[in-house]
Structure formats: C-alpha cells, structure tokens
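See below for model.cif, which holds mmCIF, C-alpha atoms and all ligand atoms.
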```cif
data_protein
loop_
_atom_site.label_atom_id
_atom_site.label_comp_id
_atom_site.auth_asym_id
_atom_site.auth_seq_id
_atom_site.Cartn_x
_atom_site.Cartn_y
_atom_site.Cartn_z
CA MET A 11 76.79 130.61 106.78
CA SER A 12 76.15 132.18 110.18
CA ASP A 13 77.96 131.28 113.36
CA GLU A 14 74.93 129.20 114.43
CA GLY A 15 75.49 126.63 111.70
CA ARG A 16 72.75 127.85 109.31
CA PHE A 17 73.29 127.20 105.60
CA ALA A 18 71.43 128.49 102.54
CA ALA A 19 69.82 125.82 100.37
CA GLY A 20 71.16 127.64 97.29
CA TRP A 21 74.74 127.21 98.48
CA LEU A 22 74.24 123.51 99.22
CA SER A 23 72.75 122.93 95.77
CA LEU A 24 75.57 124.89 94.09
CA ARG A 25 78.25 122.77 95.72
CA GLU A 26 76.58 119.39 95.28
CA ARG A 27 78.11 118.51 91.88
CA ALA A 28 81.63 119.38 93.03
CA ASP A 29 81.07 117.42 96.24
CA HIS A 30 79.93 114.31 94.39
CA GLN A 31 82.83 114.49 91.93
CA ALA A 32 85.34 114.91 94.75
CA ARG A 33 84.30 111.96 96.91
CA SER A 34 86.38 108.82 97.21
CA PRO A 35 84.76 105.83 95.42
CA ARG A 36 87.15 103.56 97.33
CA LEU A 37 85.71 104.56 100.70
CA THR A 38 82.15 104.29 99.38
CA GLY A 39 83.19 100.76 98.40
CA HIS A 40 84.35 100.04 101.97
CA ALA A 41 80.97 101.24 103.29
CA SER A 42 79.21 99.04 100.73
CA ASP A 43 81.24 95.97 101.78
CA TRP A 44 80.45 96.69 105.44
CA LEU A 45 76.71 96.93 104.77
CA ARG A 46 76.75 93.74 102.70
CA ARG A 47 78.13 91.93 105.75
CA ARG A 48 75.39 93.47 107.95
CA ARG A 49 72.46 92.40 105.78
CA ARG A 50 69.77 90.43 107.61
CA ASP A 51 66.91 88.65 105.87
CA GLY A 52 63.89 90.87 105.61
CA ASP A 53 65.20 93.84 107.59
CA PRO A 54 66.25 96.99 105.74
CA LEU A 55 69.75 98.29 106.43
CA SER A 56 69.54 101.35 108.66
CA LEU A 57 71.58 104.43 107.74
CA VAL A 58 71.78 107.71 109.65
CA ASP A 59 72.91 110.96 108.00
CA LEU A 60 73.88 113.67 110.49
CA GLY A 61 73.55 117.31 109.40
CA CYS A 62 71.86 116.15 106.20
CA GLY A 63 71.02 119.58 104.73
CA THR A 64 69.13 118.95 101.48
CA ALA A 65 70.14 115.24 101.42
CA SER A 66 73.17 115.51 99.13
CA ASN A 67 74.87 112.65 100.98
CA PRO A 68 71.99 110.12 100.63
CA ALA A 69 71.51 111.32 97.02
CA TYR A 70 75.09 110.22 96.31
CA LEU A 71 75.18 107.10 98.43
CA ALA A 72 71.80 105.39 98.02
CA GLU A 73 72.40 103.99 94.52
CA ARG A 74 75.98 102.99 95.37
CA LEU A 75 75.09 100.93 98.45
CA PRO A 76 73.24 97.64 98.93
CA GLY A 77 69.66 97.64 100.11
CA PRO A 78 66.98 97.55 101.08
CA GLN A 79 67.81 100.82 102.85
CA ARG A 80 66.07 102.85 105.53
CA TRP A 81 67.50 106.34 106.01
CA ARG A 82 67.16 108.60 109.03
CA LEU A 83 68.09 112.18 108.16
CA VAL A 84 68.89 114.57 110.99
CA ASP A 85 69.22 118.36 110.81
CA HIS A 86 68.05 121.36 112.84
CA ASP A 87 66.96 123.39 109.81
CA PRO A 88 63.30 122.84 108.80
CA ALA A 89 63.68 124.52 105.39
CA LEU A 90 66.59 122.25 104.41
CA LEU A 91 64.74 119.19 105.69
CA ALA A 92 61.70 120.13 103.58
CA GLN A 93 63.91 120.20 100.48
CA ALA A 94 65.53 116.92 101.50
CA GLY A 95 62.09 115.33 101.86
CA SER A 96 61.07 116.38 98.37
CA ARG A 97 63.90 114.38 96.73
CA LEU A 98 64.15 111.35 99.00
CA GLY A 99 61.20 109.60 97.38
CA ARG A 100 63.20 109.33 94.15
CA LEU A 101 66.25 107.65 95.70
CA VAL A 102 66.87 103.98 94.94
CA ASP A 103 69.47 101.49 96.18
CA GLU A 104 72.02 99.72 93.98
CA ASP A 105 69.36 97.23 92.83
CA GLY A 106 66.88 99.97 91.92
CA ARG A 107 64.62 99.44 94.97
CA ALA A 108 63.00 102.53 96.51
CA THR A 109 64.51 103.59 99.83
CA GLU A 110 62.58 104.16 103.06
CA TRP A 111 63.40 107.37 104.89
CA SER A 112 62.43 109.69 107.70
CA CYS A 113 63.47 113.24 108.48
CA ASP A 114 64.28 114.11 112.04
CA ARG A 115 64.28 117.79 112.88
CA GLN A 116 66.47 118.16 115.91
CA PRO A 117 69.67 119.88 116.96
CA LEU A 118 72.81 117.76 117.14
CA THR A 119 73.81 119.73 120.22
CA PRO A 120 74.02 118.17 122.66
CA LEU A 121 74.61 114.89 120.85
CA SER A 122 71.93 112.35 121.61
CA PRO A 123 73.65 108.94 121.25
CA ALA A 124 70.20 107.32 120.92
CA LEU A 125 70.09 108.77 117.39
CA LEU A 126 72.40 105.91 116.42
CA ASP A 127 70.39 103.10 118.05
CA GLY A 128 69.69 100.31 115.59
CA ALA A 129 71.82 101.87 112.85
CA ASP A 130 74.13 99.87 110.56
CA LEU A 131 76.10 102.85 109.25
CA VAL A 132 76.42 106.45 110.37
CA CYS A 133 77.21 109.01 107.67
CA ALA A 134 77.82 112.74 107.49
CA SER A 135 79.27 115.03 104.86
CA ALA A 136 80.71 118.53 105.15
CA LEU A 137 79.85 118.68 108.85
CA PHE A 138 82.90 118.17 111.00
CA ASP A 139 84.67 121.50 110.59
CA LEU A 140 81.72 122.90 112.60
CA VAL A 141 81.95 120.56 115.58
CA SER A 142 84.15 120.68 118.67
CA CYS A 143 86.71 118.08 119.63
CA ASP A 144 84.54 117.03 122.61
CA TRP A 145 81.51 116.59 120.39
CA ALA A 146 83.48 114.54 117.84
CA GLU A 147 84.83 112.32 120.63
CA ARG A 148 81.32 111.79 122.02
CA LEU A 149 80.08 110.80 118.56
CA VAL A 150 82.95 108.36 118.07
CA ARG A 151 82.32 106.86 121.52
CA ALA A 152 78.62 106.43 120.64
CA CYS A 153 79.65 104.64 117.40
CA ALA A 154 82.10 102.42 119.29
CA GLU A 155 79.54 101.47 121.95
CA ARG A 156 77.26 100.23 119.15
CA ARG A 157 80.14 98.79 117.03
CA LEU A 158 78.97 100.96 114.16
CA ALA A 159 80.94 101.86 111.05
CA ALA A 160 81.14 105.49 109.95
CA LEU A 161 81.55 107.19 106.58
CA PHE A 162 82.42 110.85 107.15
CA THR A 163 83.12 112.65 103.89
CA LEU A 164 84.23 116.03 102.60
CA SER A 165 85.76 117.40 105.78
CA VAL A 166 87.84 120.47 104.97
CA THR A 167 91.50 120.45 105.97
CA GLY A 168 91.66 124.27 105.94
CA ASP A 169 93.96 124.32 102.91
CA TRP A 170 92.80 126.05 99.73
CA ALA A 171 94.55 127.96 96.98
CA PHE A 172 94.08 129.61 93.63
CA ILE A 173 95.44 127.55 90.73
CA ASP A 174 96.48 128.34 87.17
CA SER A 175 95.59 126.42 84.01
CA ARG A 176 98.37 123.87 84.71
CA GLY A 177 96.92 123.19 88.15
CA GLN A 178 99.87 124.96 89.86
CA ARG A 179 99.18 126.94 93.02
CA ARG A 180 99.36 130.69 92.53
CA GLU A 181 99.46 132.69 95.73
CA ASP A 182 100.98 135.77 97.26
CA GLY A 183 101.04 137.32 100.72
CA GLU A 184 97.49 138.62 100.36
CA ASP A 185 96.18 135.14 99.62
CA ARG A 186 98.00 133.78 102.67
CA TRP A 187 96.57 136.62 104.79
CA ALA A 188 93.07 135.84 103.53
CA ARG A 189 93.50 132.09 104.07
CA ASP A 190 94.75 132.67 107.64
CA GLY A 191 91.65 134.76 108.31
CA VAL A 192 89.33 132.08 106.93
CA ILE A 193 91.10 129.37 108.96
CA ALA A 194 90.85 131.43 112.17
CA HIS A 195 87.15 132.06 111.50
CA GLN A 196 86.52 128.34 110.96
CA ARG A 197 87.56 127.76 114.55
CA ARG A 198 84.83 130.00 115.96
CA ASP A 199 81.98 128.36 117.83
CA LYS A 200 79.31 127.19 115.36
CA GLY A 201 77.00 125.98 118.10
CA PHE A 202 79.03 122.91 119.11
CA GLY A 203 81.77 124.67 121.14
CA PRO A 204 85.17 125.74 119.76
CA ALA A 205 85.13 124.37 116.20
CA LEU A 206 87.68 121.87 114.91
CA GLY A 207 87.85 123.52 111.49
CA GLY A 208 90.54 121.87 109.39
CA ASP A 209 91.69 119.71 112.33
CA ALA A 210 88.53 117.61 112.10
CA PRO A 211 89.89 114.79 109.89
CA ALA A 212 92.87 114.17 112.18
CA ALA A 213 90.75 114.44 115.35
CA LEU A 214 88.21 111.92 114.02
CA SER A 215 90.92 109.49 112.89
CA GLU A 216 92.63 109.65 116.27
CA ALA A 217 89.39 109.19 118.17
CA PHE A 218 88.37 106.16 116.11
CA ALA A 219 91.85 104.64 116.35
CA ALA A 220 91.73 105.06 120.15
CA HIS A 221 88.59 102.89 120.13
CA GLY A 222 90.34 100.16 118.13
CA TYR A 223 88.81 101.08 114.78
CA ALA A 224 90.47 100.53 111.42
CA VAL A 225 90.45 103.90 109.72
CA SER A 226 90.83 104.51 105.97
CA SER A 227 91.10 108.00 104.58
CA ALA A 228 91.30 109.53 101.12
CA ALA A 229 91.79 113.01 99.72
CA SER A 230 88.59 114.42 98.20
CA PRO A 231 89.57 117.88 96.95
CA TRP A 232 87.43 120.22 94.88
CA ARG A 233 89.40 121.06 91.74
CA LEU A 234 87.87 124.00 89.91
CA PRO A 235 90.14 124.75 86.92
CA PRO A 236 90.24 128.25 85.44
CA GLY A 237 87.72 129.13 82.78
CA ARG A 238 85.00 126.52 83.45
CA VAL A 239 81.46 127.75 84.08
CA GLU A 240 81.31 125.79 87.35
CA SER A 241 84.60 127.31 88.48
CA ARG A 242 83.13 130.76 87.94
CA THR A 243 79.79 130.10 89.66
CA LEU A 244 81.07 128.08 92.60
CA GLY A 245 84.23 130.18 92.80
CA SER A 246 82.21 133.42 92.97
CA ALA A 247 80.03 131.99 95.73
CA LEU A 248 83.12 130.87 97.62
CA LEU A 249 84.69 134.30 97.31
CA ALA A 250 81.48 135.97 98.50
CA GLY A 251 81.48 133.69 101.56
CA TRP A 252 85.16 134.36 102.24
CA GLY A 253 84.43 138.08 101.89
CA ASP A 254 81.82 137.92 104.67
CA THR A 255 84.21 135.84 106.74
CA LEU A 256 87.10 138.30 106.32
CA HIS A 257 84.88 141.25 107.20
CA GLU A 258 84.00 139.50 110.45
CA GLN A 259 87.49 138.26 111.16
CA TYR A 260 89.35 141.46 110.21
CA PRO A 261 86.83 144.24 110.93
CA ASP A 262 89.57 146.88 110.81
CA ASP A 263 90.91 145.69 107.44
CA ARG A 264 87.78 145.96 105.36
CA GLU A 265 89.43 147.82 102.49
CA ARG A 266 92.27 145.32 102.27
CA ALA A 267 89.79 142.45 102.18
CA ASP A 268 87.68 144.17 99.51
CA ALA A 269 90.73 144.89 97.32
CA TRP A 270 91.78 141.23 97.53
CA LEU A 271 88.26 140.06 96.75
CA GLU A 272 87.90 142.37 93.78
CA GLU A 273 91.21 141.30 92.22
CA ARG A 274 90.66 137.59 92.69
CA HIS A 275 87.08 137.81 91.47
CA ALA A 276 88.25 139.55 88.28
CA ALA A 277 90.91 136.84 87.71
CA LEU A 278 88.31 134.12 88.25
CA GLU A 279 85.87 135.74 85.82
CA ALA A 280 88.63 136.24 83.23
CA GLY A 281 89.49 132.52 83.43
CA GLU A 282 93.01 133.27 84.71
CA LEU A 283 92.56 131.53 88.05
CA GLY A 284 90.68 128.54 89.38
CA ILE A 285 90.40 127.26 92.95
CA GLU A 286 91.39 124.08 94.74
CA ILE A 287 89.96 123.19 98.16
CA ASP A 288 91.23 120.26 100.17
CA HIS A 289 88.91 117.79 101.88
CA ILE A 290 89.36 114.37 103.42
CA ASP A 291 86.96 111.42 103.40
CA LEU A 292 87.14 108.87 106.17
CA PHE A 293 85.71 105.39 106.66
CA ALA A 294 86.08 103.75 110.06
CA GLU A 295 85.02 100.27 111.09
CA PRO A 296 85.46 98.28 114.26
CA GLY A 297 87.87 95.39 113.67
CA GLU A 298 91.05 94.72 111.77
CA ALA A 299 93.06 97.36 109.92
CA GLN A 300 92.63 97.85 106.19
CA SER A 301 94.52 99.99 103.64
C1 LIG B 401 77.76 122.34 105.28
S1 LIG B 401 76.15 121.80 105.58
C2 LIG B 401 76.25 120.15 104.90
C3 LIG B 401 74.93 119.62 104.49
C4 LIG B 401 74.97 118.25 103.81
N1 LIG B 401 75.50 117.23 104.69
C5 LIG B 401 75.76 118.32 102.53
O1 LIG B 401 76.77 117.63 102.40
O2 LIG B 401 75.35 119.07 101.62
C6 LIG B 401 76.07 121.49 107.34
C7 LIG B 401 74.69 121.01 107.79
O3 LIG B 401 74.73 120.82 109.20
C8 LIG B 401 73.53 121.33 109.76
N2 LIG B 401 73.80 121.74 111.14
C9 LIG B 401 74.70 122.66 111.55
N3 LIG B 401 74.65 122.78 112.88
C10 LIG B 401 73.71 121.91 113.33
C11 LIG B 401 73.21 121.57 114.62
N4 LIG B 401 73.67 122.14 115.74
N5 LIG B 401 72.24 120.64 114.70
C12 LIG B 401 71.77 120.03 113.58
N6 LIG B 401 72.20 120.31 112.34
C13 LIG B 401 73.17 121.24 112.21
C14 LIG B 401 73.16 122.50 108.86
O4 LIG B 401 71.78 122.83 108.96
C15 LIG B 401 73.56 121.98 107.48
O5 LIG B 401 72.52 121.30 106.87
#
```
Encoded form using structure tokens:
Amino acid sequence: MSDEGRFAAGWLSLRERADHQARSPRLTGHASDWLRRRRRDGDPLSLVDLGCGTASNPAYLAERLPGPQRWRLVDHDPALLAQAGSRLGRLVDEDGRATEWSCDRQPLTPLSPALLDGADLVCASALFDLVSCDWAERLVRACAERRLAALFTLSVTGDWAFIDSRGQRREDGEDRWARDGVIAHQRRDKGFGPALGGDAPAALSEAFAAHGYAVSSAASPWRLPPGRVESRTLGSALLAGWGDTLHEQYPDDRERADAWLEERHAALEAGELGIEIDHIDLFAEPGEAQS
C-alpha cells in the first residue's frame, strides 16, 4: 500500500477469507436488527460502503442482512471498483433476492456528507486506520445528523505478534522494534491527514458516544496458526508489506530489517510460527445503550 491509500486487488483478495472468518457475527446481528426496524413497504434498504475496494464487505454482509437491499459502493480506485462491479450482480440478501447496487468513484477526502443522504446503514471495513481523527469525527457527525447506524469492521488496533502452535505469543526485541516501526508508519498521512492507525477504534467509539450513540464493539482478530497454507500465503504477504514499511520507516536500518524479515519468513515457511493480528468491529446506533 502506498501513502496515498492505494491497495492492490491481489492483496484484498488474499485477505478476504481471513477477514470474513474474523468478523463478529454478534455485531452483524445488531446491524440486521437495526435494518429490520427500518424496513418500509416497497422501498429497498439503502446501504453505503465507504472505501469498498473489491466489495469484500458487501460480499460478507448481503446474505446476512434483510432486504431488499440497495448498495452504494464508494472508492477512489477505478480498478478496484471494476472488480467490485463484476461480483455485485451475484450478491443476494438473506431471503435470496438479488441486490441493487451502484459504484461511486470518488475520493472520500474531503468527506462529502451527502454520500450518506437517504441511507439506512453506513458500513466500512479495514478503512479507519487510514483516516485522521478530524475526518472520523466529521463522518460520525454526518451519521448523527441523519440518525444513521454504522457498522465499522476490521479496524486494526496496531497490535500483532508471532504465535507458536499453542497460540502463545513469541516475540523478542527485534519483533518489538519491527512492530514499533509498523505502528509509527501507520500514523503517516494516507491522504486524510495524520492517520489514526491503531487508535481508530477508540476514536470512533468516543465520537459516537459523544453524539449519544450506543456503541457495541467486539474483537475480530486474524488468527493464522503455524503450518497452515493460509498462514504461509497471507503471512508471507504481510511480511513483504511490513518489509516495505520498515524500509521506509527505518531507511538507515535496512540490513537489520532484512535480517528480521528473513528469519521470520523462514520460521513461517517451516511452520514454526504463525501470526495474530488484532482488529476491532464496532456497531453504533442512535438510541439506548446495548451490550
Ligand atoms: C484496506 S482497503 C479495504 C477495502 C475493503 N473495504 C475491504 O475490506 O477489503 C482500503 C480501501 O480504501 C480505499 N481508499 C483509501 N483512501 C481513499 C480515499 N481517499 N478515497 C476513497 N477511497 C479510499 C482504497 O482504495 C481501498 O479500497
């Protein structure tokens, strides 16, 4: 990923299975209950997905939510939107009805609150580490002005670690050095201003709570145990990304970064180490508090 918030379709497709396995069914259930209460005779429910990429979020949600559904997918990347468009026609709601959808190629910076006009639910996944605190607060204000619920999933907390076959964290000073570098890099401007990185879940929760929302959150970690094919493929891609990040973050420590990468890659390939990455899902609705 570049600093301008560009993502390769190959990376998004590689992570999709882990993303879908990690998500909180409980919070999807809250979103489903909310939409059921918003149903109006004849009119489709209107859902907006911000930073949709190749439509992983609608691909997960459509069949788990009531319909009929009309999706509006927003992203600035035409290549990702083209891939999203090619799969949207196959998505059905929980009753097996085809969904309506449109793709909206536009930057989310600055935020145009009108994007949310007429919506019943605003969604986004794996987006908020990129955004600034100001941008997140503007989005929450736009939701509150429209009394809209939000389902924001798979926001990284910044914590990740290598794990052994018993799921125990295995780390040394080099891992902590690498993680600090990745965390610092996450805070660089990705086109939205200084990025929230792993502070995004807390910032979103606070902003919604300040507008009187009831906020529910759930851990949605990736758990990639040692030795599995997916742990090797996704783990290798993660390490490659962290390698690029460390080269940018620590330009004078290239050899140290490369030595760390080589060792951890060998341990991953040998099935000695897996990886765990923390995320948080959040559902926020105007009204009374829930669990
Ligand atoms: C990590 S990807 C997540 C994609 C998708 N939501 C998913 O879960 O697979 C972040 C997405 O945000 C989009 N994005 C980043 N910056 C953006 C901006 N300024 N305006 C619009 N889209 C942006 C990227 O193109 C990418 O599709």
Gap from atom CA of Arg107 of chain A to atom CA of Trp81 of chain A - Å, one decimal: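 Atom CA of Trp81 of chain A lies at a distance of 13.3 Å from atom CA of Arg107 of chain A.
Near (61.7, 100.1, 105.7), the residues inside the 7 Å limit, counting all atoms listed in the file, come to Pro54, Gln79, Arg80 and Glu110 of chain A.
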Cut-off 6 Å, all atoms listed in the file, neighbours of ligand LIG 401 (chain B) as a PyMOL selection string: chain A and resi 15-17+22+61-63+66-67+85-87+117-119+134-137+201
Let's have the selection written as a PDB file, in the coordinates of the input, with C-alpha atoms.
```pdb
ATOM      1  CA  GLY A  15      75.490 126.630 111.700  1.00  0.00           C
ATOM      2  CA  ARG A  16      72.750 127.850 109.310  1.00  0.00           C
ATOM      3  CA  PHE A  17      73.290 127.200 105.600  1.00  0.00           C
ATOM      4  CA  LEU A  22      74.240 123.510  99.220  1.00  0.00           C
ATOM      5  CA  GLY A  61      73.550 117.310 109.400  1.00  0.00           C
ATOM      6  CA  CYS A  62      71.860 116.150 106.200  1.00  0.00           C
ATOM      7  CA  GLY A  63      71.020 119.580 104.730  1.00  0.00           C
ATOM      8  CA  SER A  66      73.170 115.510  99.130  1.00  0.00           C
ATOM      9  CA  ASN A  67      74.870 112.650 100.980  1.00  0.00           C
ATOM     10  CA  ASP A  85      69.220 118.360 110.810  1.00  0.00           C
ATOM     11  CA  HIS A  86      68.050 121.360 112.840  1.00  0.00           C
ATOM     12  CA  ASP A  87      66.960 123.390 109.810  1.00  0.00           C
ATOM     13  CA  PRO A 117      69.670 119.880 116.960  1.00  0.00           C
ATOM     14  CA  LEU A 118      72.810 117.760 117.140  1.00  0.00           C
ATOM     15  CA  THR A 119      73.810 119.730 120.220  1.00  0.00           C
ATOM     16  CA  ALA A 134      77.820 112.740 107.490  1.00  0.00           C
ATOM     17  CA  SER A 135      79.270 115.030 104.860  1.00  0.00           C
ATOM     18  CA  ALA A 136      80.710 118.530 105.150  1.00  0.00           C
ATOM     19  CA  LEU A 137      79.850 118.680 108.850  1.00  0.00           C
ATOM     20  CA  GLY A 201      77.000 125.980 118.100  1.00  0.00           C
TER      21      GLY A 201
END
```
12 Å contact set for Ser215 of chain A, only C-alpha atoms, chain neighbours under 6 positions out, as a PyMOL selection string: chain A and resi 138+143+146-147+150+160-162+165+209+221-228+290-295
Check which residues of segment 148-183 of chain A sit at most 12 Å from segment 280-285 of chain A using all atoms listed in the file, and return one row each with the closest pair of atoms and their distance in Å to one decimal, ordered by chain and rising number, as JSON lines.
```
{"residue": "A:Asp169", "atom": "CA", "partner": "A:Ile285", "partner_atom": "CA", "distance": 11.0}
{"residue": "A:Trp170", "atom": "CA", "partner": "A:Ile285", "partner_atom": "CA", "distance": 7.3}
{"residue": "A:Ala171", "atom": "CA", "partner": "A:Ile285", "partner_atom": "CA", "distance": 5.8}
{"residue": "A:Phe172", "atom": "CA", "partner": "A:Ile285", "partner_atom": "CA", "distance": 4.4}
{"residue": "A:Ile173", "atom": "CA", "partner": "A:Gly284", "partner_atom": "CA", "distance": 5.0}
{"residue": "A:Asp174", "atom": "CA", "partner": "A:Leu283", "partner_atom": "CA", "distance": 5.1}
{"residue": "A:Ser175", "atom": "CA", "partner": "A:Leu283", "partner_atom": "CA", "distance": 7.2}
{"residue": "A:Arg176", "atom": "CA", "partner": "A:Gly284", "partner_atom": "CA", "distance": 10.1}
{"residue": "A:Gly177", "atom": "CA", "partner": "A:Gly284", "partner_atom": "CA", "distance": 8.3}
{"residue": "A:Gln178", "atom": "CA", "partner": "A:Gly284", "partner_atom": "CA", "distance": 9.9}
{"residue": "A:Arg179", "atom": "CA", "partner": "A:Ile285", "partner_atom": "CA", "distance": 8.8}
{"residue": "A:Arg180", "atom": "CA", "partner": "A:Leu283", "partner_atom": "CA", "distance": 8.2}
{"residue": "A:Glu181", "atom": "CA", "partner": "A:Leu283", "partner_atom": "CA", "distance": 10.4}
```
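Between atom CA of Asp288 of chain A and atom CA of Leu244 of chain A there is a distance of 14.9 Å.
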Closest-contact table, segment 148-228 of chain A side, partner segment 250-253 of chain A, 9 Å, counting all atoms listed in the file, as a tab-separated table:
```
residue	atom	partner	partner_atom	distance
A:Ala188	CA	A:Trp252	CA	8.2
A:Arg189	CA	A:Trp252	CA	8.8
A:Gly191	CA	A:Trp252	CA	8.9
A:Val192	CA	A:Trp252	CA	6.7
```
Please save C-alpha atoms of the selected residues as a short mmCIF file (atom, residue, chain, number, x, y, z; two decimals), keeping the file's coordinate frame.
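Contents of selection-v4.cif, as written:
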```cif
data_model
loop_
_atom_site.label_atom_id
_atom_site.label_comp_id
_atom_site.auth_asym_id
_atom_site.auth_seq_id
_atom_site.Cartn_x
_atom_site.Cartn_y
_atom_site.Cartn_z
CA ALA A 188 93.07 135.84 103.53
CA ARG A 189 93.50 132.09 104.07
CA GLY A 191 91.65 134.76 108.31
CA VAL A 192 89.33 132.08 106.93
#
```
Residue nearest Ala154 of chain A among A:Leu83, A:Leu60, A:Leu126, A:Ala205 (counting all atoms listed in the file):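 Checking each candidate against Ala154 of chain A, we get A:Leu126 as the closest.
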Between atom CA of Gln259 of chain A and atom CA of Gln196 of chain A, distance in Å (one decimal):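 Atom CA of Gln259 of chain A sits 10.0 Å away from atom CA of Gln196 of chain A.
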Nearest residue to Leu121 of chain A from the set A:Pro76, A:Phe202, A:Thr64, A:Gly52 (distances using all atoms listed in the file):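 Selected residue with least distance to Leu121 of chain A: A:Phe202.
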Test item: which residues lie within 12 Å of (72.9, 100.3, 99.1) counting all atoms listed in the file, as a PyMOL selection string: chain A and resi 38-49+54-57+68-81+101-110+130-131
